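*Asks:* File follows, query.cif with mmCIF, C-alpha atoms (C1' of nucleotides):
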```cif
data_input
loop_
_atom_site.group_PDB
_atom_site.id
_atom_site.type_symbol
_atom_site.label_atom_id
_atom_site.label_comp_id
_atom_site.auth_asym_id
_atom_site.auth_seq_id
_atom_site.Cartn_x
_atom_site.Cartn_y
_atom_site.Cartn_z
ATOM 1 C CA MET A 1 -18.703 103.488 -19.328
ATOM 2 C CA LEU A 2 -16.471 105.300 -21.825
ATOM 3 C CA LYS A 3 -13.599 102.843 -21.491
ATOM 4 C CA GLY A 4 -10.651 105.123 -21.828
ATOM 5 C CA HIS A 5 -12.216 107.379 -24.416
ATOM 6 C CA LEU A 6 -13.789 109.820 -22.004
ATOM 7 C CA ASP A 7 -11.136 112.468 -22.574
ATOM 8 C CA ALA A 8 -11.627 112.384 -26.321
ATOM 9 C CA VAL A 9 -15.380 112.617 -25.857
ATOM 10 C CA LEU A 10 -15.050 115.611 -23.562
ATOM 11 C CA LEU A 11 -12.626 117.448 -25.809
ATOM 12 C CA ALA A 12 -14.746 116.782 -28.873
ATOM 13 C CA THR A 13 -17.940 117.834 -27.120
ATOM 14 C CA ILE A 14 -16.510 121.104 -25.921
ATOM 15 C CA GLY A 15 -14.972 121.792 -29.296
ATOM 16 C CA ASP A 16 -15.260 125.501 -30.018
ATOM 17 C CA GLU A 17 -18.257 126.107 -27.834
ATOM 18 C CA ALA A 18 -16.987 126.692 -24.279
ATOM 19 C CA LEU A 19 -19.486 124.743 -22.201
ATOM 20 C CA HIS A 20 -20.030 124.259 -18.497
ATOM 21 C CA GLY A 21 -20.117 120.845 -16.857
ATOM 22 C CA TYR A 22 -23.833 120.337 -16.697
ATOM 23 C CA ALA A 23 -24.250 121.368 -20.320
ATOM 24 C CA ILE A 24 -21.482 118.991 -21.332
ATOM 25 C CA ILE A 25 -23.431 116.077 -19.889
ATOM 26 C CA GLU A 26 -26.488 117.091 -21.864
ATOM 27 C CA ALA A 27 -24.475 117.665 -25.027
ATOM 28 C CA ILE A 28 -22.895 114.224 -24.803
ATOM 29 C CA ARG A 29 -26.288 112.645 -24.280
ATOM 30 C CA ALA A 30 -27.687 114.503 -27.279
ATOM 31 C CA ARG A 31 -24.754 114.048 -29.624
ATOM 32 C CA SER A 32 -24.359 110.351 -28.873
ATOM 33 C CA GLY A 33 -27.969 109.701 -29.722
ATOM 34 C CA GLY A 34 -28.654 108.681 -26.145
ATOM 35 C CA HIS A 35 -25.851 106.125 -26.016
ATOM 36 C CA PHE A 36 -24.009 107.901 -23.230
ATOM 37 C CA ASP A 37 -25.578 109.408 -20.146
ATOM 38 C CA LEU A 38 -22.655 110.221 -17.909
ATOM 39 C CA PRO A 39 -23.025 110.843 -14.193
ATOM 40 C CA GLU A 40 -21.582 114.023 -12.723
ATOM 41 C CA GLY A 41 -19.131 111.986 -10.685
ATOM 42 C CA THR A 42 -17.570 110.975 -13.960
ATOM 43 C CA ILE A 43 -17.241 114.263 -15.745
ATOM 44 C CA TYR A 44 -16.277 116.751 -13.043
ATOM 45 C CA PRO A 45 -13.130 114.942 -11.965
ATOM 46 C CA ALA A 46 -12.278 114.375 -15.613
ATOM 47 C CA LEU A 47 -12.630 118.083 -16.396
ATOM 48 C CA HIS A 48 -10.340 118.912 -13.488
ATOM 49 C CA ARG A 49 -7.826 116.374 -14.703
ATOM 50 C CA LEU A 50 -7.887 117.790 -18.239
ATOM 51 C CA GLU A 51 -7.469 121.316 -16.927
ATOM 52 C CA LEU A 52 -4.544 120.221 -14.788
ATOM 53 C CA ALA A 53 -3.039 118.647 -17.899
ATOM 54 C CA GLY A 54 -3.353 121.970 -19.706
ATOM 55 C CA LEU A 55 -5.866 120.767 -22.280
ATOM 56 C CA LEU A 56 -8.755 122.813 -20.920
ATOM 57 C CA ALA A 57 -9.041 126.253 -19.377
ATOM 58 C CA SER A 58 -11.947 127.251 -17.150
ATOM 59 C CA ARG A 59 -13.471 130.507 -15.982
ATOM 60 C CA TRP A 60 -16.453 131.326 -13.787
ATOM 61 C CA VAL A 61 -19.373 132.997 -15.498
ATOM 62 C CA GLN A 62 -22.351 134.696 -13.866
ATOM 63 C CA PRO A 63 -25.282 134.599 -16.299
ATOM 64 C CA ASP A 64 -28.225 137.037 -15.986
ATOM 65 C CA GLY A 65 -30.435 135.051 -13.646
ATOM 66 C CA GLY A 66 -29.274 131.617 -12.695
ATOM 67 C CA ARG A 67 -26.259 130.639 -10.694
ATOM 68 C CA LYS A 68 -22.586 130.791 -11.428
ATOM 69 C CA ARG A 69 -21.150 128.330 -13.884
ATOM 70 C CA ARG A 70 -17.676 127.123 -14.544
ATOM 71 C CA VAL A 71 -17.148 127.224 -18.283
ATOM 72 C CA TYR A 72 -14.510 125.163 -20.039
ATOM 73 C CA ALA A 73 -12.784 125.836 -23.346
ATOM 74 C CA LEU A 74 -10.054 124.025 -25.219
ATOM 75 C CA THR A 75 -6.533 125.351 -25.039
ATOM 76 C CA ASP A 76 -4.185 125.046 -27.995
ATOM 77 C CA GLY A 77 -2.869 121.901 -26.409
ATOM 78 C CA GLY A 78 -6.421 120.655 -26.076
ATOM 79 C CA ARG A 79 -7.096 121.174 -29.764
ATOM 80 C CA GLN A 80 -3.886 119.384 -30.603
ATOM 81 C CA SER A 81 -4.765 116.555 -28.259
ATOM 82 C CA LEU A 82 -8.220 116.236 -29.765
ATOM 83 C CA VAL A 83 -6.749 115.740 -33.222
ATOM 84 C CA GLU A 84 -4.454 113.035 -31.891
ATOM 85 C CA ARG A 85 -7.170 111.322 -29.902
ATOM 86 C CA ARG A 86 -9.533 111.293 -32.853
ATOM 87 C CA ALA A 87 -6.876 109.571 -34.930
ATOM 88 C CA GLY A 88 -6.172 107.243 -32.024
ATOM 89 C CA TRP A 89 -9.807 106.297 -31.794
ATOM 90 C CA GLN A 90 -10.050 105.549 -35.500
ATOM 91 C CA SER A 91 -6.994 103.362 -35.341
ATOM 92 C CA PHE A 92 -8.252 101.596 -32.255
ATOM 93 C CA ALA A 93 -11.742 101.070 -33.645
ATOM 94 C CA SER A 94 -10.483 99.676 -36.915
ATOM 95 C CA GLY A 95 -8.304 97.236 -35.004
ATOM 96 C CA ILE A 96 -11.226 96.009 -32.950
ATOM 97 C CA ASP A 97 -13.395 95.847 -36.047
ATOM 98 C CA LEU A 98 -10.850 93.598 -37.702
ATOM 99 C CA VAL A 99 -10.656 91.205 -34.770
ATOM 100 C CA LEU A 100 -14.379 91.091 -34.135
ATOM 101 C CA GLY A 101 -15.146 90.761 -37.813
ATOM 102 C CA ALA A 102 -17.629 93.570 -37.480
ATOM 103 C CA ARG A 103 -17.987 96.504 -39.885
ATOM 104 C CA ALA A 104 -14.743 95.327 -41.461
ATOM 105 C CA MET B 1 -4.611 98.699 -24.057
ATOM 106 C CA LEU B 2 -7.929 97.144 -25.052
ATOM 107 C CA LYS B 3 -9.987 99.429 -22.845
ATOM 108 C CA GLY B 4 -12.712 97.118 -21.705
ATOM 109 C CA HIS B 5 -12.976 95.220 -24.963
ATOM 110 C CA LEU B 6 -10.401 92.596 -24.161
ATOM 111 C CA ASP B 7 -12.965 89.939 -23.376
ATOM 112 C CA ALA B 8 -14.725 90.438 -26.701
ATOM 113 C CA VAL B 9 -11.402 90.279 -28.514
ATOM 114 C CA LEU B 10 -10.460 87.042 -26.780
ATOM 115 C CA LEU B 11 -13.808 85.396 -27.414
ATOM 116 C CA ALA B 12 -13.805 86.451 -31.057
ATOM 117 C CA THR B 13 -10.233 85.319 -31.586
ATOM 118 C CA ILE B 14 -10.831 81.892 -30.149
ATOM 119 C CA GLY B 15 -14.058 81.513 -32.060
ATOM 120 C CA ASP B 16 -14.384 77.915 -33.236
ATOM 121 C CA GLU B 17 -10.687 77.175 -33.254
ATOM 122 C CA ALA B 18 -9.722 76.147 -29.709
ATOM 123 C CA LEU B 19 -6.409 77.970 -29.253
ATOM 124 C CA HIS B 20 -3.827 78.063 -26.491
ATOM 125 C CA GLY B 21 -2.680 81.266 -24.829
ATOM 126 C CA TYR B 22 0.448 81.911 -26.782
ATOM 127 C CA ALA B 23 -1.307 81.270 -30.075
ATOM 128 C CA ILE B 24 -4.057 83.655 -29.040
ATOM 129 C CA ILE B 25 -1.536 86.449 -28.674
ATOM 130 C CA GLU B 26 -0.203 85.782 -32.151
ATOM 131 C CA ALA B 27 -3.684 85.480 -33.619
ATOM 132 C CA ILE B 28 -4.701 88.818 -32.138
ATOM 133 C CA ARG B 29 -1.574 90.446 -33.485
ATOM 134 C CA ALA B 30 -2.206 88.975 -36.940
ATOM 135 C CA ARG B 31 -5.952 89.604 -37.105
ATOM 136 C CA SER B 32 -5.688 93.159 -35.852
ATOM 137 C CA GLY B 33 -3.191 94.023 -38.539
ATOM 138 C CA GLY B 34 -0.544 94.676 -35.931
ATOM 139 C CA HIS B 35 -2.671 97.091 -33.922
ATOM 140 C CA PHE B 36 -2.651 94.956 -30.794
ATOM 141 C CA ASP B 37 0.348 93.174 -29.356
ATOM 142 C CA LEU B 38 -0.809 92.050 -25.942
ATOM 143 C CA PRO B 39 1.599 91.040 -23.196
ATOM 144 C CA GLU B 40 1.146 87.651 -21.571
ATOM 145 C CA GLY B 41 0.392 89.324 -18.275
ATOM 146 C CA THR B 42 -2.740 90.661 -19.911
ATOM 147 C CA ILE B 43 -4.135 87.576 -21.553
ATOM 148 C CA TYR B 44 -3.456 84.768 -19.081
ATOM 149 C CA PRO B 45 -5.339 86.358 -16.198
ATOM 150 C CA ALA B 46 -8.106 87.289 -18.619
ATOM 151 C CA LEU B 47 -8.418 83.710 -19.863
ATOM 152 C CA HIS B 48 -8.659 82.506 -16.274
ATOM 153 C CA ARG B 49 -11.293 85.073 -15.549
ATOM 154 C CA LEU B 50 -13.334 84.063 -18.593
ATOM 155 C CA GLU B 51 -13.064 80.391 -17.685
ATOM 156 C CA LEU B 52 -14.185 81.147 -14.158
ATOM 157 C CA ALA B 53 -17.126 83.000 -15.632
ATOM 158 C CA GLY B 54 -18.046 79.924 -17.633
ATOM 159 C CA LEU B 55 -17.416 81.485 -21.044
ATOM 160 C CA LEU B 56 -14.348 79.380 -21.825
ATOM 161 C CA ALA B 57 -13.358 75.780 -21.107
ATOM 162 C CA SER B 58 -9.743 74.659 -21.088
ATOM 163 C CA ARG B 59 -7.921 71.346 -21.372
ATOM 164 C CA TRP B 60 -4.251 70.412 -21.394
ATOM 165 C CA VAL B 61 -2.896 69.038 -24.642
ATOM 166 C CA GLN B 62 0.434 67.296 -25.219
ATOM 167 C CA PRO B 63 1.416 67.788 -28.852
ATOM 168 C CA ASP B 64 3.927 65.468 -30.588
ATOM 169 C CA GLY B 65 7.140 67.309 -29.804
ATOM 170 C CA GLY B 66 6.852 70.578 -27.944
ATOM 171 C CA ARG B 67 5.599 71.212 -24.477
ATOM 172 C CA LYS B 68 2.144 70.960 -22.965
ATOM 173 C CA ARG B 69 -0.385 73.571 -23.864
ATOM 174 C CA ARG B 70 -3.567 74.706 -22.257
ATOM 175 C CA VAL B 71 -6.145 74.977 -24.985
ATOM 176 C CA TYR B 72 -9.245 77.144 -24.661
ATOM 177 C CA ALA B 73 -12.568 76.776 -26.426
ATOM 178 C CA LEU B 74 -15.806 78.708 -26.191
ATOM 179 C CA THR B 75 -18.641 77.264 -24.162
ATOM 180 C CA ASP B 76 -22.256 77.805 -25.181
ATOM 181 C CA GLY B 77 -22.292 80.719 -22.788
ATOM 182 C CA GLY B 78 -19.144 82.043 -24.430
ATOM 183 C CA ARG B 79 -20.729 81.944 -27.869
ATOM 184 C CA GLN B 80 -23.779 83.710 -26.506
ATOM 185 C CA SER B 81 -21.602 86.289 -24.802
ATOM 186 C CA LEU B 82 -19.627 86.892 -27.977
ATOM 187 C CA VAL B 83 -22.800 87.710 -29.881
ATOM 188 C CA GLU B 84 -23.807 90.169 -27.180
ATOM 189 C CA ARG B 85 -20.384 91.744 -26.941
ATOM 190 C CA ARG B 86 -20.138 92.184 -30.690
ATOM 191 C CA ALA B 87 -23.435 94.022 -30.640
ATOM 192 C CA GLY B 88 -22.259 95.978 -27.619
ATOM 193 C CA TRP B 89 -19.111 97.022 -29.424
ATOM 194 C CA GLN B 90 -21.005 98.193 -32.490
ATOM 195 C CA SER B 91 -23.340 100.224 -30.364
ATOM 196 C CA PHE B 92 -20.482 101.703 -28.377
ATOM 197 C CA ALA B 93 -18.402 102.482 -31.458
ATOM 198 C CA SER B 94 -21.262 104.192 -33.231
ATOM 199 C CA GLY B 95 -21.861 106.303 -30.148
ATOM 200 C CA ILE B 96 -18.257 107.410 -30.014
ATOM 201 C CA ASP B 97 -18.247 108.018 -33.754
ATOM 202 C CA LEU B 98 -21.212 110.322 -33.378
ATOM 203 C CA VAL B 99 -19.610 112.362 -30.631
ATOM 204 C CA LEU B 100 -16.201 112.548 -32.246
ATOM 205 C CA GLY B 101 -17.679 113.297 -35.636
ATOM 206 C CA ALA B 102 -15.517 110.555 -37.091
ATOM 207 C CA ARG B 103 -16.688 107.928 -39.573
ATOM 208 C CA ALA B 104 -20.219 109.139 -38.881
ATOM 209 C "C1'" DG C 1 -44.265 131.657 2.090
ATOM 210 C "C1'" DT C 2 -42.526 127.239 2.009
ATOM 211 C "C1'" DC C 3 -41.526 123.140 -0.491
ATOM 212 C "C1'" DT C 4 -39.983 120.522 -4.321
ATOM 213 C "C1'" DG C 5 -37.412 119.782 -8.179
ATOM 214 C "C1'" DA C 6 -34.101 121.110 -11.471
ATOM 215 C "C1'" DA C 7 -29.769 123.300 -12.345
ATOM 216 C "C1'" DG C 8 -25.096 123.380 -10.968
ATOM 217 C "C1'" DC C 9 -20.831 122.220 -8.651
ATOM 218 C "C1'" DC C 10 -18.030 119.029 -5.885
ATOM 219 C "C1'" DT C 11 -15.365 114.877 -3.416
ATOM 220 C "C1'" DA C 12 -14.192 110.413 -1.158
ATOM 221 C "C1'" DG C 13 -14.132 105.873 -1.780
ATOM 222 C "C1'" DT C 14 -14.356 101.715 -4.690
ATOM 223 C "C1'" DG C 15 -14.229 97.971 -8.135
ATOM 224 C "C1'" DT C 16 -12.604 96.745 -12.494
ATOM 225 C "C1'" DT C 17 -9.182 96.528 -15.832
ATOM 226 C "C1'" DA C 18 -5.091 95.672 -18.065
ATOM 227 C "C1'" DC C 19 -0.637 96.793 -17.301
ATOM 228 C "C1'" DT C 20 4.570 95.984 -15.566
ATOM 229 C "C1'" DA C 21 7.797 93.050 -13.954
ATOM 230 C "C1'" DG C 22 9.006 89.500 -12.602
ATOM 231 C "C1'" DG C 23 9.369 83.887 -12.358
ATOM 232 C "C1'" DT C 24 9.523 78.950 -14.350
ATOM 233 C "C1'" DA C 25 10.133 75.199 -17.825
ATOM 234 C "C1'" DT C 26 10.842 72.911 -22.322
ATOM 235 C "C1'" DA C 27 12.520 72.559 -27.065
ATOM 236 C "C1'" DA C 28 15.294 73.920 -30.974
ATOM 237 C "C1'" DC C 29 19.113 75.962 -32.900
ATOM 238 C "C1'" DT C 30 24.102 77.260 -32.740
ATOM 239 C "C1'" DA D 1 26.769 75.235 -23.376
ATOM 240 C "C1'" DG D 2 24.200 79.181 -24.373
ATOM 241 C "C1'" DT D 3 20.642 81.560 -26.561
ATOM 242 C "C1'" DT D 4 16.195 82.082 -28.455
ATOM 243 C "C1'" DA D 5 11.420 80.919 -29.031
ATOM 244 C "C1'" DT D 6 7.690 78.649 -27.049
ATOM 245 C "C1'" DA D 7 4.630 78.315 -23.206
ATOM 246 C "C1'" DC D 8 2.561 79.082 -18.741
ATOM 247 C "C1'" DC D 9 1.957 81.788 -14.494
ATOM 248 C "C1'" DT D 10 1.381 85.524 -10.496
ATOM 249 C "C1'" DA D 11 1.815 89.637 -7.482
ATOM 250 C "C1'" DG D 12 1.524 94.224 -7.391
ATOM 251 C "C1'" DT D 13 0.021 98.625 -9.411
ATOM 252 C "C1'" DA D 14 -1.885 102.663 -11.726
ATOM 253 C "C1'" DA D 15 -5.615 104.470 -14.144
ATOM 254 C "C1'" DC D 16 -10.170 104.899 -14.935
ATOM 255 C "C1'" DA D 17 -14.916 105.766 -14.352
ATOM 256 C "C1'" DC D 18 -18.261 104.567 -11.332
ATOM 257 C "C1'" DT D 19 -21.430 104.979 -6.831
ATOM 258 C "C1'" DA D 20 -23.033 107.616 -3.364
ATOM 259 C "C1'" DG D 21 -23.086 110.941 -1.150
ATOM 260 C "C1'" DG D 22 -23.106 116.617 -0.002
ATOM 261 C "C1'" DC D 23 -23.718 121.553 -1.006
ATOM 262 C "C1'" DT D 24 -26.031 125.859 -3.124
ATOM 263 C "C1'" DT D 25 -29.240 128.576 -5.966
ATOM 264 C "C1'" DC D 26 -33.301 129.442 -8.564
ATOM 265 C "C1'" DA D 27 -38.153 128.672 -10.441
ATOM 266 C "C1'" DG D 28 -42.576 127.109 -9.969
ATOM 267 C "C1'" DA D 29 -46.354 124.762 -7.286
ATOM 268 C "C1'" DC D 30 -49.364 124.769 -3.597
#
```
Would you write the structure of this file as structure tokens?

*Replies:*
Amino acid sequence: MLKGHLDAVLLATIGDEALHGYAIIEAIRARSGGHFDLPEGTIYPALHRLELAGLLASRWVQPDGGRKRRVYALTDGGRQSLVERRAGWQSFASGIDLVLGARA
Amino acid sequence: MLKGHLDAVLLATIGDEALHGYAIIEAIRARSGGHFDLPEGTIYPALHRLELAGLLASRWVQPDGGRKRRVYALTDGGRQSLVERRAGWQSFASGIDLVLGARA
DNA sequence: GTCTGAAGCCTAGTGTTACTAGGTATAACT
DNA sequence: AGTTATACCTAGTAACACTAGGCTTCAGAC
């Protein structure tokens, strides 16, 4: 449960790499130290939503051996949005920290 | 928008003080350094939900001058839940930090 | 050679959450 | 008398991420 921060997580995970959906799930699991193991039903609709919003662009890729993949990359708007969302997260987290008296 | 952490914020804000709804809003605004200014339509239903869940107990108080207030205090279960939610928040926040590459 | 599991994509439906947008009442100040 | 702050409440709603399915392709086991 990413609680409203899924978009930031997706944008940050894709970063400059251009990943496909299945790889994004694995990357999030790895980069979060196992904290987040997102089901496909969570990320695919989110990727579509972000593409519709113009933050991601996708293309189909046929690798040598293996089946076709849909690969996502950040658009300029996506990079911009990532910067904003990162700042938003830091602001949000520091607010919660203050109230909870944790890490403050 | 507290994104799933509203309950933790409410429990932490009430703490050992026994506050009424309106005062909780002000306390959250003050303790969060202005980050969070929650509308009443957010906190009253949440307080009811937490009371129904057995984490809060309320009683009506008639102060000298001024109108009646419904005052909320943590139950034992609420204190227990607060401990768990604080830990949950720290775990969640560190996961997001890792993925976003912020504060990590 | 077929069967199983992993890789890979997808959607419909659902429950939770916190929001908006109202309503009501009392007390203090002007 | 009217406004503002205090104080409580609810119905309806939109967003979000989840569950629970379905589909295809490829590699390896038996």

*Asks:* Quick one: which residues end up in the PyMOL selection byres ((chain B) within 10 of (chain A)) for this structure, as a VMD selection string?

*Replies:* chain B and resid 1 to 6 8 to 13 15 27 to 36 82 85 to 87 89 to 103

*Asks:* Given a cut-off of 12 Å, which residues of chain C touch chain A, counting all atoms listed in the file, written out as a PDB file with C-alpha atoms (C1' of nucleotides), in the coordinates of the input?

*Replies:*
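Output saved as selection_2.pdb:
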```
ATOM      1  C1'  DA C   6     -34.101 121.110 -11.471  1.00  0.00           C
ATOM      2  C1'  DA C   7     -29.769 123.300 -12.345  1.00  0.00           C
ATOM      3  C1'  DG C   8     -25.096 123.380 -10.968  1.00  0.00           C
ATOM      4  C1'  DC C   9     -20.831 122.220  -8.651  1.00  0.00           C
ATOM      5  C1'  DC C  10     -18.030 119.029  -5.885  1.00  0.00           C
ATOM      6  C1'  DT C  11     -15.365 114.877  -3.416  1.00  0.00           C
ATOM      7  C1'  DA C  12     -14.192 110.413  -1.158  1.00  0.00           C
ATOM      8  C1'  DG C  13     -14.132 105.873  -1.780  1.00  0.00           C
ATOM      9  C1'  DT C  16     -12.604  96.745 -12.494  1.00  0.00           C
ATOM     10  C1'  DT C  17      -9.182  96.528 -15.832  1.00  0.00           C
ATOM     11  C1'  DA C  18      -5.091  95.672 -18.065  1.00  0.00           C
TER      12       DA C  18
END
```

*Asks:* Within 10 Å of chain A, which residues of chain D show up when using all atoms listed in the file, listed as a PDB file with C-alpha atoms (C1' of nucleotides), in the frame of the given file?

*Replies:*
```pdb
ATOM      1  C1'  DA D  15      -5.615 104.470 -14.144  1.00  0.00           C
ATOM      2  C1'  DC D  16     -10.170 104.899 -14.935  1.00  0.00           C
ATOM      3  C1'  DA D  17     -14.916 105.766 -14.352  1.00  0.00           C
ATOM      4  C1'  DC D  18     -18.261 104.567 -11.332  1.00  0.00           C
ATOM      5  C1'  DT D  19     -21.430 104.979  -6.831  1.00  0.00           C
ATOM      6  C1'  DA D  20     -23.033 107.616  -3.364  1.00  0.00           C
ATOM      7  C1'  DT D  24     -26.031 125.859  -3.124  1.00  0.00           C
ATOM      8  C1'  DT D  25     -29.240 128.576  -5.966  1.00  0.00           C
ATOM      9  C1'  DC D  26     -33.301 129.442  -8.564  1.00  0.00           C
ATOM     10  C1'  DA D  27     -38.153 128.672 -10.441  1.00  0.00           C
TER      11       DA D  27
END
```

*Asks:* Using all atoms listed in the file for the distances, tell me which of A:Gly78, A:Asp16, A:Asp37, A:Ile25 is nearest to Ala57 in chain A.

*Replies:* A:Gly78

*Asks:* If we count only C-alpha atoms (C1' of nucleotides) and set the cut-off at 7 Å, which residues sit around Val71 in chain A, ignoring sequence neighbours fewer than 5 positions away in its own chain? Please answer as a PyMOL selection string.

*Replies:* chain A and resi 18-20+58-61

*Asks:* Is it possible to get the axis-aligned box enclosing range 30-49 of chain B (all listed atoms, 6 Å extra per side) as JSON, with centre and edge lengths in Å rounded to one decimal?

*Replies:*
```
{"center_x": -4.8, "center_y": 89.8, "center_z": -27.0, "size_x": 24.9, "size_y": 26.6, "size_z": 35.0}
```

*Asks:* Using Å and a single decimal, report how far CA of Pro63 in chain B sits from CA of Leu47 in chain B.

*Replies:*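 Distance reported for this atom pair: 20.8 Å.
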
*Asks:* Evaluate the PyMOL selection byres ((chain D and resi 13) around 9) and record the selected residues as a ChimeraX atom specification, following the chain and residue labels used in the document.

*Replies:* /C:19-20 /D:12,14

*Asks:* For the structure shown, which residues end up in the PyMOL selection byres ((chain C and resi 25) around 12)? Put them as a list of chain:residue names, please?

*Replies:*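 After applying the PyMOL selection byres ((chain C and resi 25) around 12), what remains is B:Gly66, B:Arg67, B:Lys68, C:DG23, C:DT24, C:DT26, C:DA27, D:DT6, D:DA7, D:DC8, D:DC9.
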
*Asks:* Set the distance at 12 Å and use all atoms listed in the file: which residues neighbour DC30 in chain D once local chain neighbours fewer than 5 positions away are removed? I'd like the list as a VMD selection string.

*Replies:* chain C and resid 1 to 4

*Asks:* Report, in Å to a single decimal, how far apart CA of Leu52 in chain A and CA of Ser81 in chain A are.

*Replies:*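 Computed distance, CA of Ser81 in chain A to CA of Leu52 in chain A, equals 14.0 Å.
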
*Asks:* What is the distance between CA of Glu26 in chain B and CA of Ala73 in chain B, in Å to one decimal?

*Replies:* 16.3 Å
